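Asks: What follows is protein_1.pdb; its format and atoms are PDB, C-alpha atoms and all ligand atoms.
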```pdb
ATOM      1  CA  MET A 191       0.000   0.000   0.000
ATOM      2  CA  ASP A 192       1.348   3.480  -0.897
ATOM      3  CA  SER A 193       2.501   5.584   2.034
ATOM      4  CA  GLY A 194       0.138   8.337   3.214
ATOM      5  CA  LEU A 195      -2.777   9.247   5.410
ATOM      6  CA  TYR A 196      -5.947   7.411   4.365
ATOM      7  CA  VAL A 197      -9.200   9.105   5.394
ATOM      8  CA  VAL A 198     -11.520   6.126   5.620
ATOM      9  CA  ALA A 199     -15.329   6.324   5.752
ATOM     10  CA  THR A 200     -17.073   3.665   7.841
ATOM     11  CA  PRO A 201     -20.788   2.707   8.019
ATOM     12  CA  ILE A 202     -23.365   4.953   9.733
ATOM     13  CA  GLY A 203     -25.279   1.983  11.122
ATOM     14  CA  ASN A 204     -25.292  -1.008   8.817
ATOM     15  CA  PHE A 205     -21.929  -2.781   8.683
ATOM     16  CA  GLY A 206     -22.911  -4.087   5.248
ATOM     17  CA  ASP A 207     -22.066  -0.600   3.977
ATOM     18  CA  MET A 208     -18.349  -1.021   4.775
ATOM     19  CA  SER A 209     -16.475  -1.002   1.479
ATOM     20  CA  GLN A 210     -14.053  -3.738   0.549
ATOM     21  CA  ARG A 211     -11.362  -1.108   0.014
ATOM     22  CA  ALA A 212     -11.966   0.342   3.495
ATOM     23  CA  VAL A 213     -11.383  -3.116   5.019
ATOM     24  CA  GLU A 214      -8.223  -3.621   2.955
ATOM     25  CA  VAL A 215      -6.808  -0.208   3.844
ATOM     26  CA  LEU A 216      -7.511  -0.690   7.560
ATOM     27  CA  LYS A 217      -5.938  -4.172   7.496
ATOM     28  CA  ASN A 218      -2.825  -3.036   5.637
ATOM     29  CA  ALA A 219      -2.197   0.315   7.352
ATOM     30  CA  ASP A 220       0.585   0.503   9.948
ATOM     31  CA  LEU A 221      -1.597   2.472  12.335
ATOM     32  CA  ILE A 222      -5.261   3.428  12.644
ATOM     33  CA  ALA A 223      -6.124   6.788  14.254
ATOM     34  CA  VAL A 224      -9.623   6.506  15.724
ATOM     35  CA  GLU A 225     -11.897   9.012  17.393
ATOM     36  CA  ASP A 226     -12.736   6.638  20.227
ATOM     37  CA  THR A 227     -10.782   3.415  20.680
ATOM     38  CA  ARG A 228     -13.580   1.549  22.474
ATOM     39  CA  HIS A 229     -16.206   2.564  19.923
ATOM     40  CA  SER A 230     -14.115   1.491  16.914
ATOM     41  CA  GLN A 231     -13.239  -1.846  18.507
ATOM     42  CA  ARG A 232     -16.586  -3.348  17.465
ATOM     43  CA  LEU A 233     -16.092  -2.474  13.808
ATOM     44  CA  LEU A 234     -12.461  -3.592  13.773
ATOM     45  CA  GLN A 235     -13.284  -6.900  15.435
ATOM     46  CA  PHE A 236     -16.235  -7.485  13.105
ATOM     47  CA  PHE A 237     -13.908  -7.217  10.090
ATOM     48  CA  SER A 238     -11.019  -9.069  11.823
ATOM     49  CA  ILE A 239      -8.738  -6.039  11.626
ATOM     50  CA  ASP A 240      -5.870  -6.187  14.123
ATOM     51  CA  THR A 241      -3.833  -3.155  13.047
ATOM     52  CA  PRO A 242      -2.504  -1.086  15.995
ATOM     53  CA  VAL A 243      -4.874   1.683  17.027
ATOM     54  CA  MET A 244      -4.336   5.101  18.613
ATOM     55  CA  ALA A 245      -6.824   7.729  19.776
ATOM     56  CA  TYR A 246      -6.951  10.930  17.749
ATOM     57  CA  HIS A 247      -9.227  13.961  17.902
ATOM     58  CA  ASP A 248      -8.675  17.582  16.920
ATOM     59  CA  HIS A 249      -7.658  18.511  20.470
ATOM     60  CA  SER A 250      -5.083  15.709  20.733
ATOM     61  CA  ASP A 251      -1.678  17.010  21.805
ATOM     62  CA  GLU A 252       1.419  17.324  19.615
ATOM     63  CA  ARG A 253       2.549  13.816  20.578
ATOM     64  CA  ALA A 254      -0.339  12.307  18.597
ATOM     65  CA  LEU A 255       0.562  14.366  15.501
ATOM     66  CA  HIS A 256       4.208  13.450  16.004
ATOM     67  CA  ARG A 257       3.442   9.721  16.178
ATOM     68  CA  ILE A 258       1.435   9.876  12.949
ATOM     69  CA  GLY A 259       4.106  12.078  11.305
ATOM     70  CA  SER A 260       6.925   9.656  12.132
ATOM     71  CA  CYS A 261       4.992   6.712  10.778
ATOM     72  CA  LEU A 262       4.563   8.602   7.486
ATOM     73  CA  SER A 263       8.238   9.727   7.495
ATOM     74  CA  ASP A 264       9.238   6.067   7.753
ATOM     75  CA  GLY A 265       7.258   5.395   4.552
ATOM     76  CA  GLY A 266       4.325   3.891   6.433
ATOM     77  CA  SER A 267       0.611   4.490   6.121
ATOM     78  CA  VAL A 268      -1.924   5.691   8.653
ATOM     79  CA  ALA A 269      -5.699   5.334   8.387
ATOM     80  CA  LEU A 270      -8.041   7.846  10.016
ATOM     81  CA  VAL A 271     -11.564   6.750  10.970
ATOM     82  CA  SER A 272     -14.249   8.430  13.060
ATOM     83  CA  ASP A 273     -17.009   6.787  15.100
ATOM     84  CA  ALA A 274     -19.224   6.570  12.012
ATOM     85  CA  GLY A 275     -19.418   7.887   8.476
ATOM     86  CA  THR A 276     -16.883  10.129   6.819
ATOM     87  CA  PRO A 277     -14.148  11.630   9.023
ATOM     88  CA  LEU A 278     -14.003  15.470   9.099
ATOM     89  CA  ILE A 279     -17.742  15.775   8.358
ATOM     90  CA  SER A 280     -18.806  17.061  11.808
ATOM     91  CA  ASP A 281     -16.040  14.775  13.051
ATOM     92  CA  PRO A 282     -12.321  15.087  13.895
ATOM     93  CA  GLY A 283      -9.543  15.131  11.334
ATOM     94  CA  TYR A 284      -9.296  18.648   9.888
ATOM     95  CA  ARG A 285      -6.198  19.572  11.888
ATOM     96  CA  LEU A 286      -4.544  16.268  11.057
ATOM     97  CA  VAL A 287      -5.220  16.461   7.316
ATOM     98  CA  ARG A 288      -3.694  19.964   7.133
ATOM     99  CA  HIS A 289      -0.742  18.983   9.288
ATOM    100  CA  VAL A 290       0.032  15.982   7.092
ATOM    101  CA  GLN A 291      -0.453  17.860   3.786
ATOM    102  CA  ASP A 292       1.706  20.767   4.980
ATOM    103  CA  ARG A 293       4.541  18.312   5.583
ATOM    104  CA  GLY A 294       4.295  17.039   2.017
ATOM    105  CA  PHE A 295       2.686  13.651   2.693
ATOM    106  CA  ALA A 296      -0.159  12.305   0.582
ATOM    107  CA  VAL A 297      -3.696  12.304   1.944
ATOM    108  CA  ARG A 298      -5.974   9.801   0.224
ATOM    109  CA  PRO A 299      -9.744   9.441   0.562
ATOM    110  CA  VAL A 300     -11.469   6.085   0.954
ATOM    111  CA  PRO A 301     -15.057   7.228   0.373
ATOM    112  CA  GLY A 302     -18.167   5.678   1.859
ATOM    113  CA  ALA A 303     -21.171   6.513   3.998
ATOM    114  CA  CYS A 304     -22.015  10.039   5.082
ATOM    115  CA  ALA A 305     -25.333  10.685   6.863
ATOM    116  CA  ALA A 306     -25.836  14.077   5.174
ATOM    117  CA  ILE A 307     -25.490  12.678   1.654
ATOM    118  CA  ALA A 308     -27.464   9.510   2.430
ATOM    119  CA  ALA A 309     -30.326  11.639   3.799
ATOM    120  CA  LEU A 310     -30.189  14.047   0.859
ATOM    121  CA  SER A 311     -30.311  11.197  -1.643
ATOM    122  CA  VAL A 312     -33.691   9.999  -0.331
ATOM    123  CA  SER A 313     -35.099  13.371   0.726
ATOM    124  CA  GLY A 314     -37.221  14.175  -2.305
ATOM    125  CA  VAL A 315     -36.193  17.840  -2.090
ATOM    126  CA  PRO A 316     -33.898  19.470  -4.662
ATOM    127  CA  THR A 317     -30.382  18.038  -4.617
ATOM    128  CA  ASP A 318     -28.750  20.191  -7.307
ATOM    129  CA  ARG A 319     -27.483  22.767  -4.791
ATOM    130  CA  PHE A 320     -27.215  22.304  -1.044
ATOM    131  CA  LEU A 321     -25.604  23.785   2.035
ATOM    132  CA  PHE A 322     -24.315  21.533   4.799
ATOM    133  CA  GLU A 323     -24.728  23.309   8.130
ATOM    134  CA  GLY A 324     -23.781  20.467  10.502
ATOM    135  CA  PHE A 325     -24.957  20.907  14.096
ATOM    136  CA  LEU A 326     -26.892  24.025  15.074
ATOM    137  CA  PRO A 327     -25.960  25.874  18.272
ATOM    138  CA  ALA A 328     -27.509  24.210  21.331
ATOM    139  CA  ARG A 329     -28.835  27.415  22.902
ATOM    140  CA  ASP A 330     -32.205  28.712  21.688
ATOM    141  CA  GLY A 331     -31.101  32.292  20.948
ATOM    142  CA  ALA A 332     -27.945  31.362  19.052
ATOM    143  CA  ARG A 333     -29.809  28.642  17.137
ATOM    144  CA  LEU A 334     -32.516  31.051  16.015
ATOM    145  CA  ASN A 335     -29.913  33.628  14.936
ATOM    146  CA  ARG A 336     -28.174  31.023  12.788
ATOM    147  CA  LEU A 337     -31.462  29.908  11.245
ATOM    148  CA  ASN A 338     -32.620  33.482  10.589
ATOM    149  CA  ALA A 339     -29.391  34.079   8.695
ATOM    150  CA  LEU A 340     -30.267  31.085   6.471
ATOM    151  CA  ALA A 341     -33.941  31.931   5.925
ATOM    152  CA  SER A 342     -33.478  33.410   2.436
ATOM    153  CA  GLU A 343     -31.111  30.728   1.132
ATOM    154  CA  PRO A 344     -32.556  29.338  -2.104
ATOM    155  CA  VAL A 345     -30.592  26.091  -1.760
ATOM    156  CA  THR A 346     -31.439  22.960   0.253
ATOM    157  CA  LEU A 347     -30.133  23.072   3.837
ATOM    158  CA  ILE A 348     -28.774  20.037   5.700
ATOM    159  CA  PHE A 349     -28.510  19.879   9.489
ATOM    160  CA  TYR A 350     -27.333  17.258  11.960
ATOM    161  CA  GLU A 351     -29.332  17.215  15.178
ATOM    162  CA  ALA A 352     -29.166  15.478  18.534
ATOM    163  CA  PRO A 353     -32.355  13.565  19.452
ATOM    164  CA  HIS A 354     -32.983  15.507  22.675
ATOM    165  CA  ARG A 355     -32.962  18.778  20.727
ATOM    166  CA  ILE A 356     -35.006  17.798  17.657
ATOM    167  CA  ASP A 357     -38.270  19.147  19.050
ATOM    168  CA  ALA A 358     -36.779  22.521  19.983
ATOM    169  CA  SER A 359     -34.888  22.751  16.693
ATOM    170  CA  LEU A 360     -37.992  22.165  14.605
ATOM    171  CA  GLN A 361     -39.729  24.891  16.602
ATOM    172  CA  SER A 362     -36.877  27.297  15.869
ATOM    173  CA  MET A 363     -36.999  26.319  12.175
ATOM    174  CA  ILE A 364     -40.697  27.152  12.076
ATOM    175  CA  LYS A 365     -39.898  30.579  13.519
ATOM    176  CA  ALA A 366     -37.123  31.242  11.028
ATOM    177  CA  PHE A 367     -38.466  29.599   7.838
ATOM    178  CA  GLY A 368     -42.248  29.568   8.397
ATOM    179  CA  GLU A 369     -44.380  26.528   9.089
ATOM    180  CA  THR A 370     -45.103  25.751   5.434
ATOM    181  CA  ARG A 371     -41.454  25.304   4.388
ATOM    182  CA  GLU A 372     -40.890  21.747   3.165
ATOM    183  CA  ALA A 373     -38.478  19.626   5.181
ATOM    184  CA  VAL A 374     -37.377  16.036   5.749
ATOM    185  CA  LEU A 375     -36.620  14.116   8.906
ATOM    186  CA  ALA A 376     -34.130  11.309   8.212
ATOM    187  CA  ARG A 377     -33.661   9.213  11.347
ATOM    188  CA  GLU A 378     -31.618   6.097  12.048
ATOM    189  CA  ILE A 379     -30.537   5.782   8.419
ATOM    190  CA  THR A 380     -29.595   2.187   7.493
ATOM    191  CA  LYS A 381     -30.698   0.949  10.941
ATOM    192  CA  LEU A 382     -33.703  -1.020  12.205
ATOM    193  CA  PHE A 383     -35.920   1.993  12.867
ATOM    194  CA  GLU A 384     -34.974   3.971   9.770
ATOM    195  CA  THR A 385     -37.532   6.736   9.189
ATOM    196  CA  ILE A 386     -37.598   9.104   6.239
ATOM    197  CA  LYS A 387     -40.456  11.580   6.443
ATOM    198  CA  ARG A 388     -41.101  14.570   4.228
ATOM    199  CA  GLY A 389     -43.658  17.245   5.056
ATOM    200  CA  SER A 390     -44.025  20.870   6.038
ATOM    201  CA  LEU A 391     -42.050  21.965   9.110
ATOM    202  CA  ALA A 392     -45.358  22.163  10.986
ATOM    203  CA  GLU A 393     -46.204  18.547  10.044
ATOM    204  CA  LEU A 394     -42.763  17.276  11.012
ATOM    205  CA  SER A 395     -42.879  19.105  14.309
ATOM    206  CA  GLN A 396     -46.262  17.531  15.075
ATOM    207  CA  PHE A 397     -44.976  14.096  14.027
ATOM    208  CA  VAL A 398     -42.013  14.380  16.387
ATOM    209  CA  SER A 399     -43.950  15.731  19.346
ATOM    210  CA  ASP A 400     -46.726  13.097  18.947
ATOM    211  CA  ASP A 401     -44.287  10.160  19.027
ATOM    212  CA  SER A 402     -41.410  10.186  21.492
ATOM    213  CA  ASN A 403     -39.705   7.412  19.476
ATOM    214  CA  GLN A 404     -39.004  10.084  16.863
ATOM    215  CA  GLN A 405     -36.917  11.869  19.481
ATOM    216  CA  ARG A 406     -34.450   8.968  19.687
ATOM    217  CA  GLY A 407     -31.441   7.875  17.705
ATOM    218  CA  GLU A 408     -29.510   9.800  15.096
ATOM    219  CA  ILE A 409     -31.178  12.446  12.989
ATOM    220  CA  VAL A 410     -30.556  14.521   9.875
ATOM    221  CA  VAL A 411     -32.957  17.361   9.098
ATOM    222  CA  ILE A 412     -33.146  18.631   5.544
ATOM    223  CA  VAL A 413     -34.954  21.870   4.758
ATOM    224  CA  ALA A 414     -35.856  22.920   1.224
ATOM    225  CA  GLY A 415     -34.490  26.307   0.159
ATOM    226  CA  LYS A 416     -36.697  29.360   0.102
ATOM    227  CA  PRO A 417     -39.247  28.798  -2.682
ATOM    228  CA  LYS A 418     -38.568  30.636  -5.957
ATOM    229  CA  GLY A 419     -41.780  32.668  -5.837
ATOM    230  CA  GLU A 420     -40.518  34.202  -2.613
ATOM    231  CA  GLN A 421     -37.035  34.873  -3.938
ATOM    232  CA  GLU A 422     -37.012  37.172  -6.811
ATOM    233  CA  LEU A 423     -38.786  40.313  -5.684
ATOM    234  CA  ASP A 424     -36.693  43.295  -4.890
ATOM    235  CA  ALA A 425     -37.399  45.101  -1.637
ATOM    236  CA  ASP A 426     -39.413  47.998  -3.206
ATOM    237  CA  VAL A 427     -41.720  45.704  -5.159
ATOM    238  CA  SER A 428     -42.223  43.499  -2.116
ATOM    239  CA  ALA A 429     -43.088  46.524   0.065
ATOM    240  CA  LEU A 430     -45.542  47.870  -2.535
ATOM    241  CA  LEU A 431     -47.231  44.501  -2.905
ATOM    242  CA  LEU A 432     -47.600  44.041   0.831
ATOM    243  CA  ARG A 433     -48.943  47.563   1.306
ATOM    244  CA  LEU A 434     -51.466  47.177  -1.538
ATOM    245  CA  SER A 435     -52.609  43.837  -0.135
ATOM    246  CA  GLN A 436     -53.720  45.695   2.990
ATOM    247  CA  GLU A 437     -56.134  47.712   0.818
ATOM    248  CA  LEU A 438     -57.131  45.158  -1.856
ATOM    249  CA  PRO A 439     -57.774  41.410  -2.100
ATOM    250  CA  ALA A 440     -54.522  39.508  -2.751
ATOM    251  CA  LYS A 441     -55.423  38.740  -6.393
ATOM    252  CA  ARG A 442     -56.131  42.415  -7.150
ATOM    253  CA  ALA A 443     -52.976  43.581  -5.408
ATOM    254  CA  ALA A 444     -50.951  41.066  -7.438
ATOM    255  CA  ALA A 445     -52.650  42.182 -10.661
ATOM    256  CA  VAL A 446     -51.952  45.885 -10.032
ATOM    257  CA  VAL A 447     -48.280  45.259  -9.219
ATOM    258  CA  ALA A 448     -48.001  42.950 -12.246
ATOM    259  CA  ASP A 449     -49.338  45.798 -14.458
ATOM    260  CA  CYS A 450     -46.854  48.291 -13.013
ATOM    261  CA  THR A 451     -43.765  46.081 -13.023
ATOM    262  CA  GLY A 452     -44.254  43.581 -15.834
ATOM    263  CA  LEU A 453     -43.764  40.735 -13.343
ATOM    264  CA  ARG A 454     -46.001  37.681 -13.536
ATOM    265  CA  LYS A 455     -49.282  37.967 -11.624
ATOM    266  CA  LYS A 456     -49.004  34.361 -10.403
ATOM    267  CA  GLN A 457     -45.524  34.891  -8.998
ATOM    268  CA  LEU A 458     -46.702  37.986  -7.117
ATOM    269  CA  TYR A 459     -49.795  36.217  -5.839
ATOM    270  CA  ASP A 460     -47.798  33.170  -4.635
ATOM    271  CA  TYR A 461     -45.325  35.508  -2.980
ATOM    272  CA  LEU A 462     -48.130  37.275  -1.131
ATOM    273  CA  LEU A 463     -49.665  34.024   0.078
ATOM    274  CA  ALA A 464     -46.315  32.760   1.299
ATOM    275  CA  MET A 465     -45.581  36.043   3.097
ATOM    276  CA  LYS A 466     -48.979  35.957   4.763
ATOM    277  CA  GLN A 467     -48.489  32.355   5.870
ATOM    278  CA  ASP A 468     -45.020  33.167   7.216
ATOM    279  CA  ARG A 469     -46.525  36.008   9.217
ATOM    280  CA  GLY A 470     -49.354  33.782  10.448
ATOM    281  CA  GLY A 471     -51.913  35.904   8.522
TER     282      GLY A 471
HETATM  283  N1  LIG B   1     -19.092  11.911  10.092
HETATM  284  C1  LIG B   1     -20.476  11.525  10.160
HETATM  285  C2  LIG B   1     -21.049  11.461   8.753
HETATM  286  O1  LIG B   1     -20.287  11.294   7.797
HETATM  287  O2  LIG B   1     -22.257  11.541   8.586
HETATM  288  C3  LIG B   1     -21.276  12.436  11.071
HETATM  289  C4  LIG B   1     -20.768  12.452  12.477
HETATM  290  S1  LIG B   1     -21.675  13.508  13.540
HETATM  291  C5  LIG B   1     -20.698  13.453  14.978
HETATM  292  C6  LIG B   1     -23.013  12.502  14.040
HETATM  293  C7  LIG B   1     -24.347  13.013  13.478
HETATM  294  O3  LIG B   1     -24.519  12.528  12.156
HETATM  295  C8  LIG B   1     -25.565  12.496  14.242
HETATM  296  O4  LIG B   1     -25.846  13.306  15.372
HETATM  297  C9  LIG B   1     -26.645  12.614  13.196
HETATM  298  O5  LIG B   1     -27.082  13.938  13.067
HETATM  299  C10 LIG B   1     -25.866  12.205  11.930
HETATM  300  N2  LIG B   1     -25.961  10.756  11.724
HETATM  301  C11 LIG B   1     -24.961   9.853  11.855
HETATM  302  N3  LIG B   1     -25.429   8.610  11.585
HETATM  303  C12 LIG B   1     -26.744   8.744  11.284
HETATM  304  C13 LIG B   1     -27.779   7.837  10.924
HETATM  305  N4  LIG B   1     -27.551   6.519  10.821
HETATM  306  N5  LIG B   1     -29.010   8.328  10.680
HETATM  307  C14 LIG B   1     -29.257   9.656  10.775
HETATM  308  N6  LIG B   1     -28.316  10.556  11.111
HETATM  309  C15 LIG B   1     -27.079  10.107  11.357
END
```
Hey, can you dump this file as structure tokens for me?
Replies:
Amino acid sequence: MDSGLYVVATPIGNFGDMSQRAVEVLKNADLIAVEDTRHSQRLLQFFSIDTPVMAYHDHSDERALHRIGSCLSDGGSVALVSDAGTPLISDPGYRLVRHVQDRGFAVRPVPGACAAIAALSVSGVPTDRFLFEGFLPARDGARLNRLNALASEPVTLIFYEAPHRIDASLQSMIKAFGETREAVLAREITKLFETIKRGSLAELSQFVSDDSNQQRGEIVVIVAGKPKGEQELDADVSALLLRLSQELPAKRAAAVVADCTGLRKKQLYDYLLAMKQDRGG
């Protein structure tokens, strides 16, 4: 095996998703850097891998980097794995990858499972452009600030969430994005209780609060980007439309603004409805 740091993805639940190459690389490496030695033991035993293991996370001291560096200097190879999925994706490894690259050693990916991509692939919301946000802040205020900053994003948003915070997070998402925004709850992917549910944020929030089982396990939340009809109005047109809609029925207001601006009546009407729903009107 060529010398270098191998960044190896491991399954996110179902060991059947371990790639043959991942097993080979872990068996043939001189050293495996793992996030948690006890956690990785199960996977390594399952695949009869007896390569020496060391603990590594991004706060590990210089000795850990030194040990990995000397193995590479001797022409050896080191594999990096995290507890599950792809290392560095909301997992340790960033500092190590930079350290190793900066010293001129090769860093090679061994791709495999990643909860964000697995969830996106079955979400049923647009996949052409997306933004991976990882974990939201745990505190209500900071979480809402982050979500408010994302409210106008036209692209699909992907979040990781802890089960004990899913209820509160969905509530914050309703505040920031409105209850009609389409979203997907992807829970326990590839495991026994796998659940993929698409609906409005209000429906998902109800689903989670009605069934405490939905507040267990590992969860990805995907939120569709801001709908197009709500995107493309500039601030003056939006203000005029909203003001007119206080004096006229929504259809009339949309028709008047369409006459004045050349914009499509349907787009203006949809925009008005969405704004009214967002404002609870
Ligand atoms: N590096 C991992 C990856 O590639 O997906 C993510 C690690 S991060 C510490 C753990 C989070 O990933 C969980 O809290 C959850 O949001 C998500 N996750 C991991 N496995 C999952 C699964 N089987 N189903 C749903 N979400 C999962």
Asks: Residue by residue, what does the PyMOL selection byres (((chain A and resi 266-282) around 8) and not hetatm) grab here? Present the result as a ChimeraX atom specification.
Replies: /A:191-203,215-216,219-226,229-230,246-248,258,261-265,283-285,301-305,324-325
Asks: Padding 3 Å on every side, please: axis-aligned box over the listed atoms of ligand LIG 1 (chain B), centre and edge lengths to one decimal in Å, as AutoDock Vina command-line options.
Replies:
```
--center_x -24.2 --center_y 10.2 --center_z 11.6 --size_x 16.2 --size_y 13.4 --size_z 13.6
```
Asks: Any idea what the distance is between atom CA of Leu431 of chain A and atom CA of Ala443 of chain A?
Replies: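 Straight-line distance from atom CA of Leu431 of chain A to atom CA of Ala443 of chain A works out to 6.3 Å.
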Asks: Please determine, counting only C-alpha atoms and all ligand atoms, which residue among A:Arg433, A:Lys381, A:Lys466, A:Arg253 has the shortest atom-to-atom distance to ligand LIG 1 (chain B).
Replies: A:Lys381
Asks: When the PyMOL selection byres (((chain A and resi 334) around 12) and not hetatm) is applied to the structure above, which residues does it catch, written out as a PyMOL selection string?
Replies: chain A and resi 326-333+335-341+358-367
Asks: Determine, counting only C-alpha atoms, every residue of protein, DNA or RNA that lies within 12 Å of (-41.8, 42.6, -1.0) in the file coordinates, then give the result as a VMD selection string.
Replies: chain A and resid 419 to 435 444 447 457 to 466
Asks: What do you get, as JSON, numbers by chain, if you spell out every residue that the PyMOL selection byres (((chain A and resi 350) around 10) and not hetatm) selects here?
Replies: {"A": [280, 305, 306, 322, 323, 324, 325, 326, 348, 349, 351, 352, 353, 356, 376, 408, 409, 410, 411, 412]}
Asks: Provide the atom CA of Ser313 of chain A to atom N1 of ligand LIG 1 (chain B) distance in Å, to one decimal place.
Replies: 18.6 Å
Asks: Write segment 343-366 of chain A as a JSON list (two decimals), in the frame of the given file, completed to N, CA and C atoms.
Replies:
```json
[["chain", "number", "residue", "atom", "x", "y", "z"],
["A", 343, "GLU", "N", -31.92, 31.59, 2.00],
["A", 343, "GLU", "CA", -31.11, 30.73, 1.13],
["A", 343, "GLU", "C", -32.02, 29.99, 0.15],
["A", 344, "PRO", "N", -31.71, 30.07, -1.15],
["A", 344, "PRO", "CA", -32.56, 29.34, -2.10],
["A", 344, "PRO", "C", -32.19, 27.86, -2.20],
["A", 345, "VAL", "N", -31.05, 27.47, -1.60],
["A", 345, "VAL", "CA", -30.59, 26.09, -1.76],
["A", 345, "VAL", "C", -31.04, 25.23, -0.58],
["A", 346, "THR", "N", -31.06, 23.92, -0.80],
["A", 346, "THR", "CA", -31.44, 22.96, 0.25],
["A", 346, "THR", "C", -30.44, 23.03, 1.42],
["A", 347, "LEU", "N", -30.97, 22.96, 2.64],
["A", 347, "LEU", "CA", -30.13, 23.07, 3.84],
["A", 347, "LEU", "C", -30.09, 21.72, 4.55],
["A", 348, "ILE", "N", -28.91, 21.33, 5.00],
["A", 348, "ILE", "CA", -28.77, 20.04, 5.70],
["A", 348, "ILE", "C", -28.22, 20.28, 7.11],
["A", 349, "PHE", "N", -28.92, 19.73, 8.09],
["A", 349, "PHE", "CA", -28.51, 19.88, 9.49],
["A", 349, "PHE", "C", -28.35, 18.51, 10.15],
["A", 350, "TYR", "N", -27.39, 18.39, 11.05],
["A", 350, "TYR", "CA", -27.33, 17.26, 11.96],
["A", 350, "TYR", "C", -27.98, 17.72, 13.27],
["A", 351, "GLU", "N", -28.71, 16.81, 13.92],
["A", 351, "GLU", "CA", -29.33, 17.22, 15.18],
["A", 351, "GLU", "C", -29.31, 16.08, 16.20],
["A", 352, "ALA", "N", -29.14, 16.46, 17.45],
["A", 352, "ALA", "CA", -29.17, 15.48, 18.53],
["A", 352, "ALA", "C", -30.63, 15.18, 18.87],
["A", 353, "PRO", "N", -30.95, 13.93, 19.24],
["A", 353, "PRO", "CA", -32.35, 13.56, 19.45],
["A", 353, "PRO", "C", -33.05, 14.40, 20.54],
["A", 354, "HIS", "N", -32.32, 14.76, 21.60],
["A", 354, "HIS", "CA", -32.98, 15.51, 22.68],
["A", 354, "HIS", "C", -33.23, 16.96, 22.30],
["A", 355, "ARG", "N", -32.73, 17.39, 21.14],
["A", 355, "ARG", "CA", -32.96, 18.78, 20.73],
["A", 355, "ARG", "C", -33.86, 18.89, 19.50],
["A", 356, "ILE", "N", -34.30, 17.74, 18.95],
["A", 356, "ILE", "CA", -35.01, 17.80, 17.66],
["A", 356, "ILE", "C", -36.30, 18.61, 17.75],
["A", 357, "ASP", "N", -37.02, 18.43, 18.87],
["A", 357, "ASP", "CA", -38.27, 19.15, 19.05],
["A", 357, "ASP", "C", -38.02, 20.66, 19.04],
["A", 358, "ALA", "N", -37.09, 21.09, 19.87],
["A", 358, "ALA", "CA", -36.78, 22.52, 19.98],
["A", 358, "ALA", "C", -36.25, 23.07, 18.66],
["A", 359, "SER", "N", -35.45, 22.27, 17.96],
["A", 359, "SER", "CA", -34.89, 22.75, 16.69],
["A", 359, "SER", "C", -35.97, 22.95, 15.64],
["A", 360, "LEU", "N", -36.91, 22.01, 15.59],
["A", 360, "LEU", "CA", -37.99, 22.16, 14.60],
["A", 360, "LEU", "C", -38.83, 23.41, 14.93],
["A", 361, "GLN", "N", -39.01, 23.67, 16.21],
["A", 361, "GLN", "CA", -39.73, 24.89, 16.60],
["A", 361, "GLN", "C", -38.98, 26.13, 16.12],
["A", 362, "SER", "N", -37.67, 26.13, 16.32],
["A", 362, "SER", "CA", -36.88, 27.30, 15.87],
["A", 362, "SER", "C", -36.94, 27.42, 14.34],
["A", 363, "MET", "N", -36.94, 26.27, 13.65],
["A", 363, "MET", "CA", -37.00, 26.32, 12.18],
["A", 363, "MET", "C", -38.32, 26.91, 11.72],
["A", 364, "ILE", "N", -39.39, 26.58, 12.43],
["A", 364, "ILE", "CA", -40.70, 27.15, 12.08],
["A", 364, "ILE", "C", -40.63, 28.67, 12.23],
["A", 365, "LYS", "N", -40.00, 29.12, 13.32],
["A", 365, "LYS", "CA", -39.90, 30.58, 13.52],
["A", 365, "LYS", "C", -39.10, 31.24, 12.40],
["A", 366, "ALA", "N", -38.01, 30.60, 12.01],
["A", 366, "ALA", "CA", -37.12, 31.24, 11.03],
["A", 366, "ALA", "C", -37.61, 31.08, 9.59]]
```
